[in-house]
file data.pdb (PDB, C-alpha atoms and all ligand atoms)
ATOM      1  CA  MET A  18     -14.528  98.944-228.170
ATOM      2  CA  SER A  19     -16.865 101.695-226.945
ATOM      3  CA  GLN A  20     -18.093 101.684-223.364
ATOM      4  CA  GLU A  21     -21.650 100.926-224.541
ATOM      5  CA  LYS A  22     -20.503  97.921-226.584
ATOM      6  CA  GLN A  23     -18.306  96.746-223.700
ATOM      7  CA  ALA A  24     -21.294  96.926-221.302
ATOM      8  CA  THR A  25     -23.472  94.925-223.730
ATOM      9  CA  PHE A  26     -20.708  92.363-224.176
ATOM     10  CA  ASN A  27     -20.264  91.990-220.401
ATOM     11  CA  ARG A  28     -24.022  91.683-219.889
ATOM     12  CA  ARG A  29     -24.183  88.907-222.529
ATOM     13  CA  ARG A  30     -21.292  87.050-220.917
ATOM     14  CA  PHE A  31     -22.920  87.370-217.485
ATOM     15  CA  LEU A  32     -26.289  86.080-218.732
ATOM     16  CA  LYS A  33     -24.614  83.251-220.624
ATOM     17  CA  HIS A  34     -22.693  82.073-217.570
ATOM     18  CA  THR A  35     -25.469  82.530-215.018
ATOM     19  CA  GLY A  36     -27.865  80.789-217.391
ATOM     20  CA  GLN A  37     -25.602  77.755-217.497
ATOM     21  CA  GLY A  38     -25.368  77.739-213.714
ATOM     22  CA  ALA A  39     -29.115  78.035-213.330
ATOM     23  CA  MET A  40     -29.573  75.001-215.600
ATOM     24  CA  LEU A  41     -27.367  72.900-213.324
ATOM     25  CA  ILE A  42     -29.378  73.509-210.144
ATOM     26  CA  PRO A  43     -32.558  71.652-211.188
ATOM     27  CA  LEU A  44     -30.476  68.858-212.690
ATOM     28  CA  LEU A  45     -28.575  68.391-209.448
ATOM     29  CA  SER A  46     -31.811  68.577-207.465
ATOM     30  CA  VAL A  47     -33.306  65.791-209.568
ATOM     31  CA  THR A  48     -30.281  63.546-209.176
ATOM     32  CA  GLY A  49     -29.934  64.314-205.474
ATOM     33  CA  GLN A  50     -26.227  64.934-205.968
ATOM     34  CA  SER A  51     -24.514  67.770-204.183
ATOM     35  CA  VAL A  52     -22.641  70.422-206.149
ATOM     36  CA  TRP A  53     -19.770  69.986-203.739
ATOM     37  CA  ALA A  54     -18.524  66.436-203.550
ATOM     38  CA  ALA A  55     -18.365  65.349-199.945
ATOM     39  CA  GLU A  56     -15.311  63.428-198.829
ATOM     40  CA  LYS A  57     -15.305  60.322-196.676
ATOM     41  CA  ILE A  58     -14.917  61.157-193.027
ATOM     42  CA  LYS A  59     -11.731  60.048-191.356
ATOM     43  CA  GLU A  60     -12.051  58.059-188.157
ATOM     44  CA  ASP A  61      -9.480  60.348-186.542
ATOM     45  CA  ASP A  62     -11.591  63.445-187.248
ATOM     46  CA  PRO A  63     -11.995  65.079-183.799
ATOM     47  CA  THR A  64     -15.806  65.021-183.957
ATOM     48  CA  ALA A  65     -15.777  61.412-185.136
ATOM     49  CA  VAL A  66     -13.509  60.448-182.239
ATOM     50  CA  ALA A  67     -15.701  62.280-179.730
ATOM     51  CA  LEU A  68     -18.816  60.508-181.012
ATOM     52  CA  GLY A  69     -17.157  57.101-181.378
ATOM     53  CA  TYR A  70     -17.654  57.005-185.146
ATOM     54  CA  VAL A  71     -16.094  54.042-186.962
ATOM     55  CA  HIS A  72     -16.475  52.837-190.563
ATOM     56  CA  ASP A  73     -17.145  49.312-189.332
ATOM     57  CA  ALA A  74     -19.756  49.234-186.582
ATOM     58  CA  THR A  75     -18.580  45.826-185.398
ATOM     59  CA  LYS A  76     -15.380  47.544-184.206
ATOM     60  CA  VAL A  77     -17.045  49.991-181.808
ATOM     61  CA  ASP A  78     -15.315  50.228-178.439
ATOM     62  CA  LEU A  79     -18.201  48.876-176.370
ATOM     63  CA  ALA A  80     -16.546  49.863-173.105
ATOM     64  CA  LYS A  81     -16.656  53.497-174.193
ATOM     65  CA  PHE A  82     -19.910  53.305-176.123
ATOM     66  CA  PRO A  83     -22.172  50.711-174.474
ATOM     67  CA  LYS A  84     -25.127  51.976-176.507
ATOM     68  CA  ARG A  85     -24.084  49.553-179.258
ATOM     69  CA  ALA A  86     -23.654  46.605-176.904
ATOM     70  CA  GLY A  87     -26.016  43.678-176.760
ATOM     71  CA  GLU A  88     -28.436  42.198-179.254
ATOM     72  CA  GLU A  89     -30.228  45.471-179.984
ATOM     73  CA  GLY A  90     -27.011  47.458-180.203
ATOM     74  CA  ALA A  91     -25.581  45.024-182.735
ATOM     75  CA  LYS A  92     -28.396  45.986-185.116
ATOM     76  CA  GLN A  93     -27.332  49.654-185.206
ATOM     77  CA  PHE A  94     -25.646  50.862-188.399
ATOM     78  CA  CYS A  95     -25.511  54.189-190.199
ATOM     79  CA  ASP A  96     -27.764  52.840-192.957
ATOM     80  CA  ASN A  97     -30.615  52.323-190.499
ATOM     81  CA  CYS A  98     -30.061  55.607-188.643
ATOM     82  CA  SER A  99     -32.447  58.516-189.142
ATOM     83  CA  GLN A 100     -29.486  60.846-189.850
ATOM     84  CA  TYR A 101     -28.269  58.812-192.850
ATOM     85  CA  LYS A 102     -29.018  59.379-196.515
ATOM     86  CA  ALA A 103     -27.361  57.048-199.021
ATOM     87  CA  THR A 104     -25.475  58.781-201.820
ATOM     88  CA  GLU A 105     -23.182  56.207-203.346
ATOM     89  CA  ASP A 106     -22.410  52.574-202.984
ATOM     90  CA  GLY A 107     -21.745  51.912-199.312
ATOM     91  CA  TRP A 108     -21.584  55.573-198.278
ATOM     92  CA  GLY A 109     -23.976  58.390-197.480
ATOM     93  CA  THR A 110     -24.407  61.770-195.870
ATOM     94  CA  CYS A 111     -25.127  62.315-192.196
ATOM     95  CA  ALA A 112     -26.609  65.410-190.611
ATOM     96  CA  ILE A 113     -24.103  65.130-187.750
ATOM     97  CA  PHE A 114     -21.088  65.359-190.081
ATOM     98  CA  PRO A 115     -21.856  68.082-192.666
ATOM     99  CA  ASN A 116     -20.068  67.779-196.024
ATOM    100  CA  LYS A 117     -18.717  64.349-195.121
ATOM    101  CA  LEU A 118     -19.678  60.838-196.131
ATOM    102  CA  VAL A 119     -20.120  58.107-193.544
ATOM    103  CA  ALA A 120     -20.006  54.377-194.202
ATOM    104  CA  ALA A 121     -23.329  52.557-194.530
ATOM    105  CA  LYS A 122     -22.046  49.962-192.065
ATOM    106  CA  GLY A 123     -20.509  52.567-189.765
ATOM    107  CA  TRP A 124     -21.824  53.809-186.465
ATOM    108  CA  CYS A 125     -21.571  56.619-183.946
ATOM    109  CA  ASN A 126     -23.059  57.309-180.532
ATOM    110  CA  VAL A 127     -25.726  59.629-181.994
ATOM    111  CA  TRP A 128     -27.408  56.698-183.754
ATOM    112  CA  VAL A 129     -31.188  57.131-183.807
ATOM    113  CA  PRO A 130     -33.538  54.557-185.369
ATOM    114  CA  MET A 131     -35.416  55.513-188.495
ATOM    115  CA  ALA A 132     -38.988  56.488-187.796
TER     116      ALA A 132
HETATM  117 FE1  LIG B 201     -24.011  57.056-188.662
HETATM  118 FE2  LIG B 201     -26.266  57.966-187.568
HETATM  119 FE3  LIG B 201     -23.914  58.431-186.382
HETATM  120 FE4  LIG B 201     -24.532  59.674-188.634
HETATM  121  S1  LIG B 201     -25.592  59.901-186.655
HETATM  122  S2  LIG B 201     -22.570  58.675-188.150
HETATM  123  S3  LIG B 201     -25.682  58.098-189.742
HETATM  124  S4  LIG B 201     -24.892  56.419-186.686
END

call {"tool": "encode", "arguments": {"input": "data.pdb", "output": "structure tokens", "more": "lines below"}}
Ligand code: SF4
result
Amino acid sequence: MSQEKQATFNRRRFLKHTGQGAMLIPLLSVTGQSVWAAEKIKEDDPTAVALGYVHDATKVDLAKFPKRAGEEGAKQFCDNCSQYKATEDGWGTCAIFPNKLVAAKGWCNVWVPMA
């Protein structure tokens, strides 16, 4: 294959592949899905431990994190926190834990009510 034909062939392959990629971006934007699947955060993740994150907000150590104590505290869950965005059944993304999913009924000490 001549160099000119090889260059044309490579250009076609490049355009074909980048074209397919470009078609995916609007589709993913419409669905709200991330290209990179986030994994569920582990409770023993160092940041999660530091912020008192748990999958089940009723299991928060209230001695360490009194913010969730009392009648008002008991109403705090990830799914009513301003940092939460639901992505799949019972899970969602959180701005505090990039590329991780947090439980809808979880909680951490950064909890902020939705505006
Ligand atoms: Fe849940 Fe909000 Fe803490 Fe994120 S910042 S883990 S959504 S309570």

call {"tool": "resolve_selection", "arguments": {"input": "data.pdb", "expression": "the PyMOL selection byres (((not hetatm)) within 7 of (chain B and resi 201))", "output": "count of residues only"}}
result
20

call {"tool": "atom_distance", "arguments": {"input": "data.pdb", "atom1": "atom CA of A:Asp78", "atom2": "atom CA of A:Ala120"}}
result
17.0 Å

call {"tool": "atom_distance", "arguments": {"input": "data.pdb", "atom1": "atom CA of A:Lys84", "atom2": "atom CA of A:Ile58"}}
result
21.5 Å

call {"tool": "atom_distance", "arguments": {"input": "data.pdb", "atom1": "atom CA of A:Ala103", "atom2": "atom CA of A:Leu118"}}
result
9.0 Å

call {"tool": "closest_residue", "arguments": {"input": "data.pdb", "among": "A:Lys122, A:Thr110, A:Asp62, A:Asn97", "to": "A:Val77", "atoms": "only C-alpha atoms"}}
result
A:Lys122

call {"tool": "closest_residue", "arguments": {"input": "data.pdb", "among": "A:Asp61, A:Lys102, A:Ala91, A:Trp108", "to": "A:Thr75", "atoms": "all atoms listed in the file"}}
result
A:Ala91
